[in-house]
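Next comes target23.cif, with mmCIF, C-alpha atoms.
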```cif
data_input
loop_
_atom_site.label_atom_id
_atom_site.label_comp_id
_atom_site.auth_asym_id
_atom_site.auth_seq_id
_atom_site.Cartn_x
_atom_site.Cartn_y
_atom_site.Cartn_z
CA MET A 1 -12.06 19.18 -12.82
CA ILE A 2 -12.98 17.87 -9.39
CA SER A 3 -16.75 17.79 -9.28
CA PHE A 4 -17.33 17.96 -5.53
CA ASP A 5 -16.27 20.37 -2.79
CA PHE A 6 -14.05 19.74 0.20
CA LEU A 7 -12.67 21.65 3.14
CA TYR A 8 -8.96 22.50 3.13
CA PHE A 9 -6.71 22.81 6.18
CA ARG A 10 -3.03 23.62 6.46
CA PRO A 11 -1.92 22.85 10.02
CA LYS A 12 1.43 23.98 11.41
CA SER A 13 2.09 20.98 13.65
CA VAL A 14 1.46 17.24 13.84
CA HIS A 15 -0.66 17.80 16.94
CA GLU A 16 -2.84 20.35 15.14
CA ALA A 17 -3.25 18.01 12.13
CA LEU A 18 -4.42 15.16 14.36
CA GLN A 19 -6.78 17.49 16.22
CA ILE A 20 -8.35 18.65 12.96
CA TYR A 21 -8.76 15.04 11.85
CA GLN A 22 -10.40 14.09 15.14
CA ASP A 23 -12.74 17.10 15.14
CA LEU A 24 -13.85 16.32 11.59
CA SER A 25 -14.37 12.65 12.46
CA HIS A 26 -16.59 13.65 15.38
CA GLU A 27 -18.69 15.65 12.94
CA GLY A 28 -18.97 12.56 10.74
CA LEU A 29 -16.67 14.02 8.07
CA GLN A 30 -14.03 11.98 6.27
CA ALA A 31 -10.65 13.69 6.02
CA VAL A 32 -7.47 12.66 4.22
CA PHE A 33 -3.90 13.70 4.94
CA TYR A 34 -2.45 15.38 1.87
CA ASN A 35 1.27 15.65 1.08
CA GLY A 36 2.04 15.87 -2.65
CA GLY A 37 -1.61 15.12 -3.32
CA THR A 38 -1.16 13.89 -6.90
CA GLU A 39 -3.00 10.61 -6.32
CA ILE A 40 -5.80 12.29 -4.36
CA ILE A 41 -6.33 14.81 -7.17
CA SER A 42 -6.31 12.11 -9.88
CA ARG A 43 -8.67 9.83 -7.99
CA ALA A 44 -10.97 12.69 -6.93
CA ARG A 45 -11.20 13.85 -10.53
CA ALA A 46 -12.09 10.29 -11.57
CA GLY A 47 -14.70 10.06 -8.81
CA GLU A 48 -12.88 7.22 -7.07
CA VAL A 49 -12.50 9.08 -3.77
CA GLN A 50 -14.62 11.84 -2.30
CA PRO A 51 -13.11 13.18 0.92
CA ASP A 52 -14.98 15.85 2.87
CA ALA A 53 -11.71 17.52 3.82
CA VAL A 54 -8.01 17.48 2.97
CA ILE A 55 -5.38 18.22 5.59
CA ASP A 56 -2.27 19.53 3.83
CA MET A 57 0.91 18.44 5.64
CA LYS A 58 3.34 20.69 3.77
CA GLY A 59 3.27 23.39 6.47
CA ILE A 60 4.48 21.01 9.19
CA ALA A 61 8.22 21.32 9.83
CA ASP A 62 8.55 17.75 11.15
CA CYS A 63 7.19 16.36 7.86
CA GLN A 64 9.53 18.47 5.76
CA GLY A 65 13.21 18.31 5.06
CA TYR A 66 16.00 15.88 5.53
CA ARG A 67 18.43 15.69 8.43
CA ASP A 68 21.80 14.01 8.26
CA GLU A 69 22.89 13.38 11.82
CA ALA A 70 25.68 11.32 13.36
CA GLU A 71 24.33 7.81 12.77
CA TRP A 72 20.86 8.45 11.35
CA ILE A 73 19.25 10.14 8.40
CA THR A 74 15.72 11.41 8.85
CA ILE A 75 13.45 12.03 5.87
CA GLY A 76 10.19 13.95 6.37
CA ALA A 77 7.06 12.33 4.97
CA ALA A 78 6.25 15.36 2.81
CA VAL A 79 9.70 15.44 1.17
CA THR A 80 9.35 15.13 -2.60
CA LEU A 81 10.96 12.42 -4.68
CA SER A 82 12.95 15.12 -6.53
CA ASN A 83 14.33 16.37 -3.20
CA ILE A 84 15.55 12.83 -2.62
CA THR A 85 17.15 12.40 -6.04
CA ASP A 86 18.85 15.80 -5.81
CA GLU A 87 19.93 15.96 -2.19
CA ILE A 88 20.03 12.69 -0.25
CA ASN A 89 23.35 11.36 -1.48
CA CYS A 90 24.04 9.16 1.52
CA PHE A 91 21.11 6.86 0.61
CA PRO A 92 22.02 5.85 -2.97
CA LEU A 93 19.42 3.06 -3.34
CA MET A 94 16.66 5.47 -2.29
CA GLN A 95 17.90 8.00 -4.84
CA ARG A 96 18.03 5.38 -7.60
CA ILE A 97 14.51 4.11 -6.93
CA ALA A 98 13.03 7.60 -6.61
CA LYS A 99 14.53 8.54 -9.96
CA GLU A 100 12.60 5.75 -11.69
CA ILE A 101 9.19 6.67 -10.27
CA ALA A 102 6.98 8.75 -12.61
CA THR A 103 8.40 11.78 -14.46
CA ARG A 104 10.61 14.58 -13.20
CA ASN A 105 7.66 17.04 -13.09
CA ALA A 106 5.58 14.53 -11.15
CA ARG A 107 8.47 13.82 -8.78
CA ASN A 108 8.63 17.53 -8.01
CA LYS A 109 5.22 17.03 -6.35
CA ILE A 110 4.99 13.37 -5.30
CA SER A 111 6.03 12.93 -1.68
CA ILE A 112 7.63 9.96 0.02
CA ALA A 113 4.47 9.43 2.09
CA GLY A 114 2.31 9.67 -1.02
CA ASN A 115 4.23 6.88 -2.73
CA VAL A 116 4.58 4.66 0.34
CA LEU A 117 0.86 4.97 1.20
CA SER A 118 -0.40 4.88 -2.38
CA SER A 119 -3.50 2.84 -3.19
CA LEU A 120 -1.59 1.28 -6.10
CA ASN A 121 0.29 -2.00 -5.85
CA TYR A 122 3.77 -0.66 -6.48
CA ARG A 123 4.82 1.78 -3.70
CA GLU A 124 8.46 1.35 -4.73
CA ALA A 125 9.76 4.06 -2.38
CA LEU A 126 8.96 1.70 0.49
CA LEU A 127 11.59 -0.83 -0.65
CA PRO A 128 14.74 0.99 0.55
CA PHE A 129 13.14 1.49 3.95
CA LEU A 130 12.28 -2.22 4.14
CA LEU A 131 15.79 -3.31 3.16
CA THR A 132 17.44 -1.02 5.71
CA ASP A 133 15.08 -1.91 8.58
CA SER A 134 14.21 1.77 8.83
CA VAL A 135 11.99 3.23 11.51
CA ALA A 136 8.69 4.89 10.60
CA VAL A 137 7.62 7.72 12.90
CA VAL A 138 3.83 7.56 13.08
CA ALA A 139 1.51 9.92 14.93
CA GLY A 140 -1.94 8.95 16.11
CA PRO A 141 -4.47 9.61 18.85
CA ALA A 142 -2.21 7.72 21.31
CA GLY A 143 0.80 9.92 20.54
CA ILE A 144 3.89 9.62 18.39
CA LYS A 145 5.47 6.19 18.03
CA GLU A 146 8.49 4.78 16.26
CA GLU A 147 7.64 1.55 14.45
CA ASN A 148 9.63 -0.93 12.39
CA THR A 149 8.82 -0.24 8.74
CA ALA A 150 8.74 -3.92 7.75
CA ALA A 151 6.27 -4.77 10.52
CA LEU A 152 4.13 -1.70 9.92
CA PHE A 153 3.72 -2.37 6.20
CA ALA A 154 3.80 -6.19 6.29
CA ASN A 155 1.69 -7.96 3.64
CA GLY A 156 0.59 -4.73 2.02
CA SER A 157 -0.71 -3.06 5.19
CA ARG A 158 -1.20 0.68 5.23
CA LEU A 159 -1.74 3.03 8.14
CA GLU A 160 -4.98 2.86 10.08
CA PRO A 161 -7.34 5.79 9.42
CA GLY A 162 -6.43 8.78 11.59
CA LYS A 163 -2.75 7.84 11.79
CA LEU A 164 -0.22 10.06 10.19
CA LEU A 165 3.20 9.23 8.76
CA VAL A 166 5.65 11.89 9.99
CA GLN A 167 9.15 10.68 9.09
CA PHE A 168 11.40 7.78 8.24
CA LYS A 169 14.65 7.26 10.15
CA THR A 170 17.39 5.15 8.61
CA GLU A 171 20.75 4.09 9.99
CA LYS A 172 23.35 5.78 7.85
CA GLU A 173 25.61 2.75 7.70
CA ARG A 174 22.74 0.65 6.29
CA ALA A 175 21.65 3.37 3.84
CA GLY A 176 25.11 3.41 2.28
CA ALA A 177 25.34 -0.37 1.70
CA ASN A 178 26.21 -1.85 -1.69
CA TYR A 179 23.02 -2.30 -3.72
CA PHE A 180 21.49 -3.77 -6.87
CA PHE A 181 18.44 -2.26 -8.57
CA LYS A 182 16.55 -3.10 -11.76
CA LYS A 183 13.07 -2.11 -12.85
CA LYS A 184 11.43 -3.72 -15.86
CA THR A 185 8.41 -2.10 -17.50
CA LYS A 186 6.20 -3.23 -20.34
CA GLN A 187 7.42 -0.68 -22.86
CA SER A 188 8.31 2.90 -21.96
CA ALA A 189 10.88 3.83 -19.33
CA VAL A 190 8.28 5.80 -17.37
CA ASN A 191 5.69 3.27 -16.31
CA TYR A 192 4.60 0.98 -13.54
CA PRO A 193 6.89 -2.02 -13.08
CA ILE A 194 6.31 -5.53 -14.37
CA ALA A 195 8.95 -6.35 -11.81
CA THR A 196 11.25 -4.25 -9.66
CA LEU A 197 14.02 -5.99 -7.78
CA CYS A 198 16.37 -4.26 -5.41
CA ALA A 199 18.81 -5.83 -3.04
CA MET A 200 21.48 -4.83 -0.56
CA LYS A 201 24.46 -6.75 0.72
CA ARG A 202 25.69 -6.12 4.24
CA GLU A 203 28.06 -8.23 6.28
CA GLY A 204 28.07 -10.85 3.51
CA LYS A 205 24.26 -11.28 3.50
CA ILE A 206 21.88 -10.31 0.72
CA THR A 207 18.43 -8.93 1.47
CA ALA A 208 16.02 -8.38 -1.43
CA GLY A 209 12.91 -6.27 -2.00
CA PHE A 210 10.26 -6.73 -4.67
CA SER A 211 7.59 -4.59 -6.29
CA GLY A 212 5.22 -5.14 -9.21
CA ILE A 213 5.09 -8.91 -9.01
CA CYS A 214 2.56 -9.21 -6.16
CA THR A 215 -0.16 -6.80 -5.07
CA PHE A 216 2.18 -5.15 -2.57
CA PRO A 217 5.90 -4.41 -2.18
CA PHE A 218 7.73 -6.74 0.20
CA LYS A 219 10.86 -8.29 1.54
CA ASP A 220 10.69 -11.78 2.99
CA ALA A 221 12.98 -13.52 5.49
CA LYS A 222 12.45 -16.96 3.89
CA ILE A 223 13.38 -15.62 0.46
CA ASP A 224 16.47 -13.93 1.90
CA ARG A 225 17.57 -17.26 3.45
CA ILE A 226 17.21 -18.96 0.06
CA LEU A 227 19.12 -16.21 -1.74
CA ASN A 228 21.98 -16.63 0.75
CA ASP A 229 22.03 -20.45 0.56
CA HIS A 230 25.35 -21.12 -1.18
CA ALA A 231 24.67 -24.86 -1.22
CA LEU A 232 22.34 -24.10 -4.15
CA THR A 233 23.35 -22.89 -7.60
CA ILE A 234 22.39 -19.35 -8.57
CA SER A 235 19.62 -20.62 -10.89
CA ALA A 236 18.25 -22.92 -8.19
CA ARG A 237 18.24 -20.05 -5.68
CA ALA A 238 16.30 -17.86 -8.14
CA GLU A 239 13.73 -20.58 -8.84
CA GLU A 240 13.35 -21.48 -5.17
CA ALA A 241 12.91 -17.82 -4.20
CA ILE A 242 10.10 -17.46 -6.74
CA ALA A 243 8.44 -20.57 -5.29
CA HIS A 244 8.25 -18.78 -1.93
CA LEU A 245 6.59 -15.51 -2.98
CA PRO A 246 4.02 -14.35 -0.41
CA GLU A 247 1.16 -14.55 -2.93
CA LYS A 248 0.43 -15.47 -6.53
CA MET A 249 2.11 -13.33 -9.16
CA VAL A 250 0.01 -10.52 -10.59
CA ASN A 251 -1.55 -11.33 -13.96
CA ASP A 252 -2.72 -8.12 -15.64
CA PHE A 253 -2.54 -6.02 -18.80
CA HIS A 254 1.05 -4.99 -18.03
CA ALA A 255 2.23 -8.61 -18.10
CA SER A 256 0.97 -12.14 -17.63
CA ALA A 257 1.98 -14.02 -14.49
CA GLY A 258 4.08 -16.33 -16.69
CA TYR A 259 6.01 -13.43 -18.20
CA ARG A 260 6.52 -11.85 -14.77
CA HIS A 261 7.94 -15.21 -13.61
CA PHE A 262 10.40 -15.20 -16.51
CA VAL A 263 11.44 -11.56 -15.92
CA LEU A 264 11.85 -12.00 -12.18
CA GLU A 265 13.94 -15.14 -12.61
CA GLN A 266 16.32 -13.27 -14.95
CA LEU A 267 16.51 -10.35 -12.50
CA LEU A 268 17.28 -12.62 -9.56
CA ILE A 269 20.04 -14.38 -11.48
CA GLU A 270 21.48 -11.02 -12.56
CA MET A 271 21.38 -9.75 -8.96
CA LEU A 272 23.04 -12.88 -7.53
CA GLU A 273 25.75 -12.81 -10.21
CA HIS A 274 26.30 -9.10 -9.51
CA PHE A 275 26.95 -9.72 -5.83
CA GLU A 276 29.14 -12.78 -6.54
CA GLU A 277 31.29 -10.62 -8.82
CA VAL A 278 31.46 -7.77 -6.34
CA SER A 279 32.54 -10.06 -3.54
CA MET B 1 -21.88 29.52 -1.55
CA ASP B 2 -20.36 27.79 1.48
CA LYS B 3 -17.24 29.78 2.38
CA GLY B 4 -15.74 26.66 3.99
CA TYR B 5 -15.19 25.32 0.52
CA PHE B 6 -13.24 28.43 -0.57
CA ASN B 7 -9.97 30.05 0.54
CA LEU B 8 -8.23 33.33 -0.07
CA VAL B 9 -5.00 32.74 -1.97
CA ASP B 10 -2.20 35.26 -2.26
CA PHE B 11 0.36 34.56 -4.98
CA ARG B 12 2.28 36.06 -7.89
CA ALA B 13 1.81 35.00 -11.49
CA ASN B 14 4.47 36.27 -13.90
CA GLY B 15 5.48 38.88 -11.33
CA VAL B 16 1.96 40.26 -10.85
CA PRO B 17 0.47 39.91 -7.33
CA TYR B 18 -3.00 38.35 -7.09
CA GLN B 19 -5.42 37.79 -4.25
CA LEU B 20 -8.13 35.37 -5.29
CA PHE B 21 -10.95 33.66 -3.48
CA VAL B 22 -10.67 30.14 -4.92
CA ARG B 23 -12.64 26.93 -4.59
CA ASN B 24 -10.53 24.41 -2.61
CA ALA B 25 -11.22 21.71 -5.19
CA ASP B 26 -10.07 23.79 -8.15
CA THR B 27 -6.69 23.00 -9.64
CA LEU B 28 -4.09 25.65 -10.40
CA LEU B 29 -4.61 24.80 -14.08
CA HIS B 30 -8.26 25.86 -13.85
CA ILE B 31 -7.56 29.09 -11.99
CA LEU B 32 -4.69 30.19 -14.25
CA ARG B 33 -6.82 29.72 -17.34
CA GLU B 34 -10.31 30.63 -16.21
CA GLU B 35 -9.60 33.36 -13.63
CA LEU B 36 -6.34 34.90 -14.92
CA GLY B 37 -6.76 34.19 -18.62
CA LEU B 38 -3.33 32.58 -18.95
CA MET B 39 -4.39 30.34 -21.80
CA SER B 40 -0.86 29.09 -22.57
CA VAL B 41 -1.30 26.64 -19.68
CA LYS B 42 -2.78 23.81 -21.73
CA PRO B 43 -5.10 21.15 -20.38
CA GLY B 44 -4.06 17.75 -21.71
CA CYS B 45 -4.43 14.52 -19.79
CA GLU B 46 -5.29 16.37 -16.55
CA ASN B 47 -3.68 13.42 -14.84
CA GLY B 48 -0.05 14.54 -14.50
CA ASP B 49 1.14 12.42 -17.41
CA CYS B 50 1.57 14.70 -20.43
CA GLY B 51 3.22 17.90 -19.15
CA SER B 52 1.19 20.24 -21.38
CA CYS B 53 0.07 22.23 -18.32
CA THR B 54 3.63 22.67 -16.98
CA VAL B 55 4.18 25.89 -15.05
CA LEU B 56 7.04 26.94 -12.82
CA MET B 57 6.39 27.28 -9.12
CA ASP B 58 9.34 29.14 -7.58
CA ASN B 59 11.25 28.12 -10.72
CA VAL B 60 10.47 24.40 -10.29
CA PRO B 61 8.39 22.76 -13.05
CA VAL B 62 5.11 21.26 -11.87
CA ASN B 63 1.98 20.00 -13.57
CA ALA B 64 -0.71 22.63 -12.89
CA CYS B 65 -3.37 19.90 -13.22
CA HIS B 66 -1.85 18.12 -10.22
CA MET B 67 -1.82 21.11 -7.93
CA LEU B 68 -4.70 22.65 -6.06
CA ALA B 69 -4.89 26.42 -6.51
CA VAL B 70 -4.82 26.81 -2.71
CA GLU B 71 -1.35 25.24 -2.72
CA ALA B 72 -0.04 28.19 -4.74
CA ASP B 73 -0.50 30.49 -1.74
CA SER B 74 2.67 32.57 -1.12
CA HIS B 75 4.40 31.17 -4.21
CA HIS B 76 5.61 32.61 -7.51
CA ILE B 77 4.08 31.07 -10.62
CA THR B 78 5.58 31.51 -14.07
CA THR B 79 3.78 30.67 -17.29
CA ILE B 80 5.07 31.14 -20.83
CA GLU B 81 3.48 34.61 -20.82
CA GLY B 82 6.13 35.47 -18.22
CA LEU B 83 9.03 34.68 -20.55
CA GLU B 84 9.66 37.25 -23.24
CA ASP B 85 12.11 36.95 -26.13
CA THR B 86 14.36 34.47 -24.37
CA LYS B 87 17.17 32.71 -26.24
CA LEU B 88 15.33 29.46 -25.64
CA GLN B 89 12.20 30.66 -27.42
CA GLU B 90 14.33 31.84 -30.36
CA ALA B 91 16.17 28.50 -30.39
CA PHE B 92 12.89 26.55 -30.52
CA ILE B 93 11.94 28.50 -33.65
CA ALA B 94 15.40 28.25 -35.24
CA ASN B 95 15.61 24.49 -34.61
CA HIS B 96 12.04 23.75 -35.77
CA ALA B 97 11.34 22.36 -32.32
CA LEU B 98 7.58 22.72 -32.62
CA GLN B 99 4.79 21.85 -34.97
CA CYS B 100 1.23 22.32 -33.71
CA GLY B 101 2.56 24.13 -30.63
CA TYR B 102 0.16 22.72 -28.04
CA CYS B 103 2.91 21.16 -25.93
CA THR B 104 5.45 23.94 -26.61
CA PRO B 105 4.81 26.20 -23.58
CA GLY B 106 5.34 23.20 -21.28
CA PHE B 107 8.55 22.18 -23.03
CA ILE B 108 9.97 25.71 -23.00
CA LEU B 109 9.17 26.26 -19.32
CA ASN B 110 10.70 22.92 -18.39
CA ALA B 111 13.81 23.64 -20.47
CA HIS B 112 14.04 27.15 -19.01
CA ALA B 113 14.05 25.74 -15.47
CA LEU B 114 16.51 23.02 -16.48
CA LEU B 115 19.01 25.54 -17.83
CA SER B 116 18.66 27.82 -14.83
CA HIS B 117 19.28 24.92 -12.40
CA HIS B 118 21.73 22.97 -14.56
CA PRO B 119 23.26 25.16 -17.29
CA ASP B 120 25.75 22.38 -18.09
CA ALA B 121 23.15 19.57 -18.16
CA ASP B 122 24.38 16.57 -20.13
CA GLU B 123 22.17 14.56 -22.49
CA GLN B 124 21.08 12.22 -19.71
CA LYS B 125 19.94 15.12 -17.55
CA ILE B 126 18.14 16.75 -20.48
CA ASN B 127 16.35 13.46 -21.23
CA GLU B 128 15.41 13.08 -17.57
CA TRP B 129 13.78 16.51 -17.46
CA LEU B 130 12.15 16.27 -20.88
CA GLU B 131 10.51 12.92 -20.08
CA SER B 132 7.87 15.00 -18.28
CA ASN B 133 6.54 16.44 -21.53
CA ILE B 134 4.91 14.58 -24.38
CA CYS B 135 4.84 15.81 -27.97
CA ARG B 136 2.74 13.92 -30.48
CA CYS B 137 3.60 15.70 -33.72
CA THR B 138 7.30 16.56 -33.89
CA GLY B 139 10.37 14.69 -32.77
CA TYR B 140 12.15 15.21 -29.48
CA GLN B 141 15.52 15.55 -31.20
CA GLU B 142 14.84 19.11 -32.42
CA ILE B 143 13.75 20.10 -28.91
CA LYS B 144 16.98 18.71 -27.46
CA GLU B 145 18.97 20.51 -30.13
CA ALA B 146 17.25 23.80 -29.26
CA ILE B 147 18.28 23.37 -25.64
CA GLN B 148 21.84 22.42 -26.59
CA THR B 149 22.07 25.46 -28.90
CA VAL B 150 21.30 27.73 -25.94
CA GLN B 151 23.78 25.83 -23.77
CA LYS B 152 26.51 26.46 -26.36
CA GLU B 153 25.62 30.16 -26.51
CA LEU B 154 25.76 30.39 -22.72
CA GLU B 155 29.14 28.62 -22.69
CA GLY B 156 30.40 31.04 -25.34
CA ASN B 157 29.28 34.01 -23.28
CA GLY B 158 30.73 32.51 -20.10
#
```

File written out as structure tokens:
Amino acid sequence: MISFDFLYFRPKSVHEALQIYQDLSHEGLQAVFYNGGTEIISRARAGEVQPDAVIDMKGIADCQGYRDEAEWITIGAAVTLSNITDEINCFPLMQRIAKEIATRNARNKISIAGNVLSSLNYREALLPFLLTDSVAVVAGPAGIKEENTAALFANGSRLEPGKLLVQFKTEKERAGANYFFKKKTKQSAVNYPIATLCAMKREGKITAGFSGICTFPFKDAKIDRILNDHALTISARAEEAIAHLPEKMVNDFHASAGYRHFVLEQLLIEMLEHFEEVS
Amino acid sequence: MDKGYFNLVDFRANGVPYQLFVRNADTLLHILREELGLMSVKPGCENGDCGSCTVLMDNVPVNACHMLAVEADSHHITTIEGLEDTKLQEAFIANHALQCGYCTPGFILNAHALLSHHPDADEQKINEWLESNICRCTGYQEIKEAIQTVQKELEGNG
């Protein structure tokens, strides 16, 4: 049971949602944008967040649905992970990752925006957008802007308060690229990752994305250069990539930093061998 | 009572239309049990992990603990009270696919939706859907067998 009260709004447009947010802010009230809402409900029940209002985005057409156009696919921020696994066949890495997040019932409710903007470390649904240099469509008081996903979410950044994630746009040719994906959990299949590694190979170059090993999901240009350095052996590339992580490995009850190091090294070797075999 | 914290919700539960004035912060789980008396919707973890509160919203399984009641507006909700004498319920009994029964409504609703969306679901698909529901006193094998029994019957009738 959620022990406190909040206001509930269901706007019909992005403009209306932003207006409601602004009006509430002027009254000194804290509002949150709500898509699937699973994390907000869990954290509100636990007393970790206490918004004065929730603004439900599910009535906004721009945030819903998936469009497959000539060169681009557009995924609305409120689209559920199950919609992705069931329908978005031209983005196989996205489908594969979405299928490994939470349970089927939960995925019927969890939205893309909810996972990407989660307060947790993992945010695995961000990885395919990072690897494909996707565009995030973000609305805010200054209007609607298209921003590079990697820049927008660099080093664990999230959106500034009052900004609203509307859509992701991905080049179809990039979305369909050959990929590698492995997620390792402590015990059960449905759990947070000790390490998730995904990678894509386009035009002979590998680009890799990571979740679970640091406090945020990331891809890193330096690491990509190392992974593509054929002067080094596969093992040396894996070890060197780990030496260039953007921060210290997470050390928690899911796994020690030492064990994460071991798991990630094996995953990197497996990924590099996979792409060597494919090529 | 501050009316700003409440909303009028118009939805169907098991085919019956309801108009309820609900607290925005109340979950669908709470309203189904406490306002409509649908006690088959079981509170478990109340964190979206166990599946004991599974209901169908427009024939899609969702955890009622992870849904605000206001989100049910204009939707059709099905609980186990809305399924009567289905082959699946008979198959659960015949295959001993329950013991204490607390998780059973969630399992049956999930399986019912699975078979209506994917009547020819393979074992992988069944496992994927059933991972949403946790049982702590019987095995999952009997539950899978109950589902596969119904699949075979449907194939035979097809």

Pick out the residues sitting within 9 Å of Gly82 in chain B, and hand them over as a count of residues only; count all atoms listed in the file, and ignore anything fewer than 6 positions along from it in its own chain.
3

Each residue of chain B lying at most 7 Å from chain A should get a row with its shortest atom-to-atom pair and the distance in Å to one decimal, counting all atoms listed in the file; could you produce that, ordered by chain and increasing number, as CSV?
```
residue,atom,partner,partner_atom,distance
B:Gly4,CA,A:Leu7,CA,5.9
B:Tyr5,CA,A:Leu7,CA,5.2
B:Asn24,CA,A:Tyr8,CA,6.2
B:Ala25,CA,A:Asp5,CA,5.7
B:Asp26,CA,A:Ile2,CA,6.7
B:Asn47,CA,A:Ser42,CA,5.8
B:Gly48,CA,A:Ala106,CA,6.6
B:Pro61,CA,A:Asn105,CA,5.8
B:Val62,CA,A:Asn105,CA,5.1
B:Asn63,CA,A:Asn105,CA,6.4
B:His66,CA,A:Thr38,CA,5.4
B:Glu128,CA,A:Arg104,CA,6.7
B:Trp129,CA,A:Arg104,CA,5.6
B:Glu131,CA,A:Thr103,CA,6.1
B:Ser132,CA,A:Thr103,CA,5.0
```

I'd like the residues picked by the PyMOL selection byres ((chain A and resi 205-219) around 8) written out as a PyMOL selection string, using the chain letters and numbers from the file.
chain A and resi 121-124+126-128+130-131+150+154-156+192-204+220-221+223-224+227-228+246-250+260

Exactly which residues make up the result of the PyMOL selection byres ((chain B and resi 77) around 8) on this file, given as a PyMOL selection string?
chain B and resi 11-15+55-59+72+75-76+78-79

How far is it from CA of Ala70 in chain A to CA of Cys90 in chain A, in Å with one decimal?
12.1 Å

Might you pull out every residue within 12 Å of Gln141 in chain B, with only C-alpha atoms counted and same-chain residues fewer than 6 positions away left off, and present them as a list in words?
Phe92, Asn95, His96, Ala97, Leu98, Glu123, Ile126, Asn127, Leu130, Cys135, Ile147 and Gln148 of chain B

Name the residues that the PyMOL selection byres ((chain A and resi 24) around 12) pulls out of this structure, and write them as a list in words.
Phe6, Leu7, Tyr8, Phe9, Ala17, Leu18, Gln19, Ile20, Tyr21, Gln22, Asp23, Ser25, His26, Glu27, Gly28, Leu29, Gln30, Ala31, Val32, Pro51, Asp52, Ala53, Val54, Ile55 and Gly162 of chain A

Using all atoms listed in the file, can you tell me which of B:Ala146, B:Cys137, B:Cys53, B:Cys45 comes closest to Pro105 in chain B?
B:Cys53

Excluding Asn83 in chain A and its own-chain neighbours fewer than 4 positions away, which residues fall within 9 Å of it when counting only C-alpha atoms? Please give them as a list in words.
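What passes the distance filter is Gly65, Tyr66, Val79, Glu87, Ile88, Arg107 and Asn108 of chain A.
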
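One distance worth recording is that between CA of His254 in chain A and CA of Leu268 in chain A, which is 19.8 Å.
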
So the first atom is CA of His30 in chain B and the second is CA of Ser118 in chain A; what is the distance between them in Å, to one decimal place?
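Between CA of His30 in chain B and CA of Ser118 in chain A the gap works out to 25.2 Å.
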
Using only C-alpha atoms, which protein or nucleic acid residues come within 12 Å of Lys152 in chain B? Drop anything in the same chain fewer than 4 positions from it, and give the result as a list in words.
Lys87, Leu88, Ala91, Leu115, Pro119, Asp120, Ala121, Asp122, Glu145, Ala146, Ile147, Gln148, Gly156, Asn157 and Gly158 of chain B

Which of these residues is nearest to Gly258 in chain A, using all atoms listed in the file: A:Ala236, A:Ile112, A:Ile242, A:Ala151?
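Of A:Ala236, A:Ile112, A:Ile242, A:Ala151, the one nearest Gly258 in chain A is A:Ile242, counting all atoms listed in the file.
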
Of A:Asp68, A:Glu146, A:Arg96, A:Thr185, the one sitting nearest Leu164 in chain A when using only C-alpha atoms is A:Glu146

Nearest to Met39 in chain B by atom-to-atom distance, counting all atoms listed in the file, from B:Val60, B:Ile80, B:Thr27, B:Phe21:
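Nearest candidate to Met39 in chain B out of B:Val60, B:Ile80, B:Thr27, B:Phe21: B:Ile80.
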
Please determine, counting only C-alpha atoms, which residue among A:Ile234, A:Phe153, A:Lys182, A:Phe253 has the shortest atom-to-atom distance to Glu276 in chain A.
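Smallest distance to Glu276 in chain A is found for A:Ile234.
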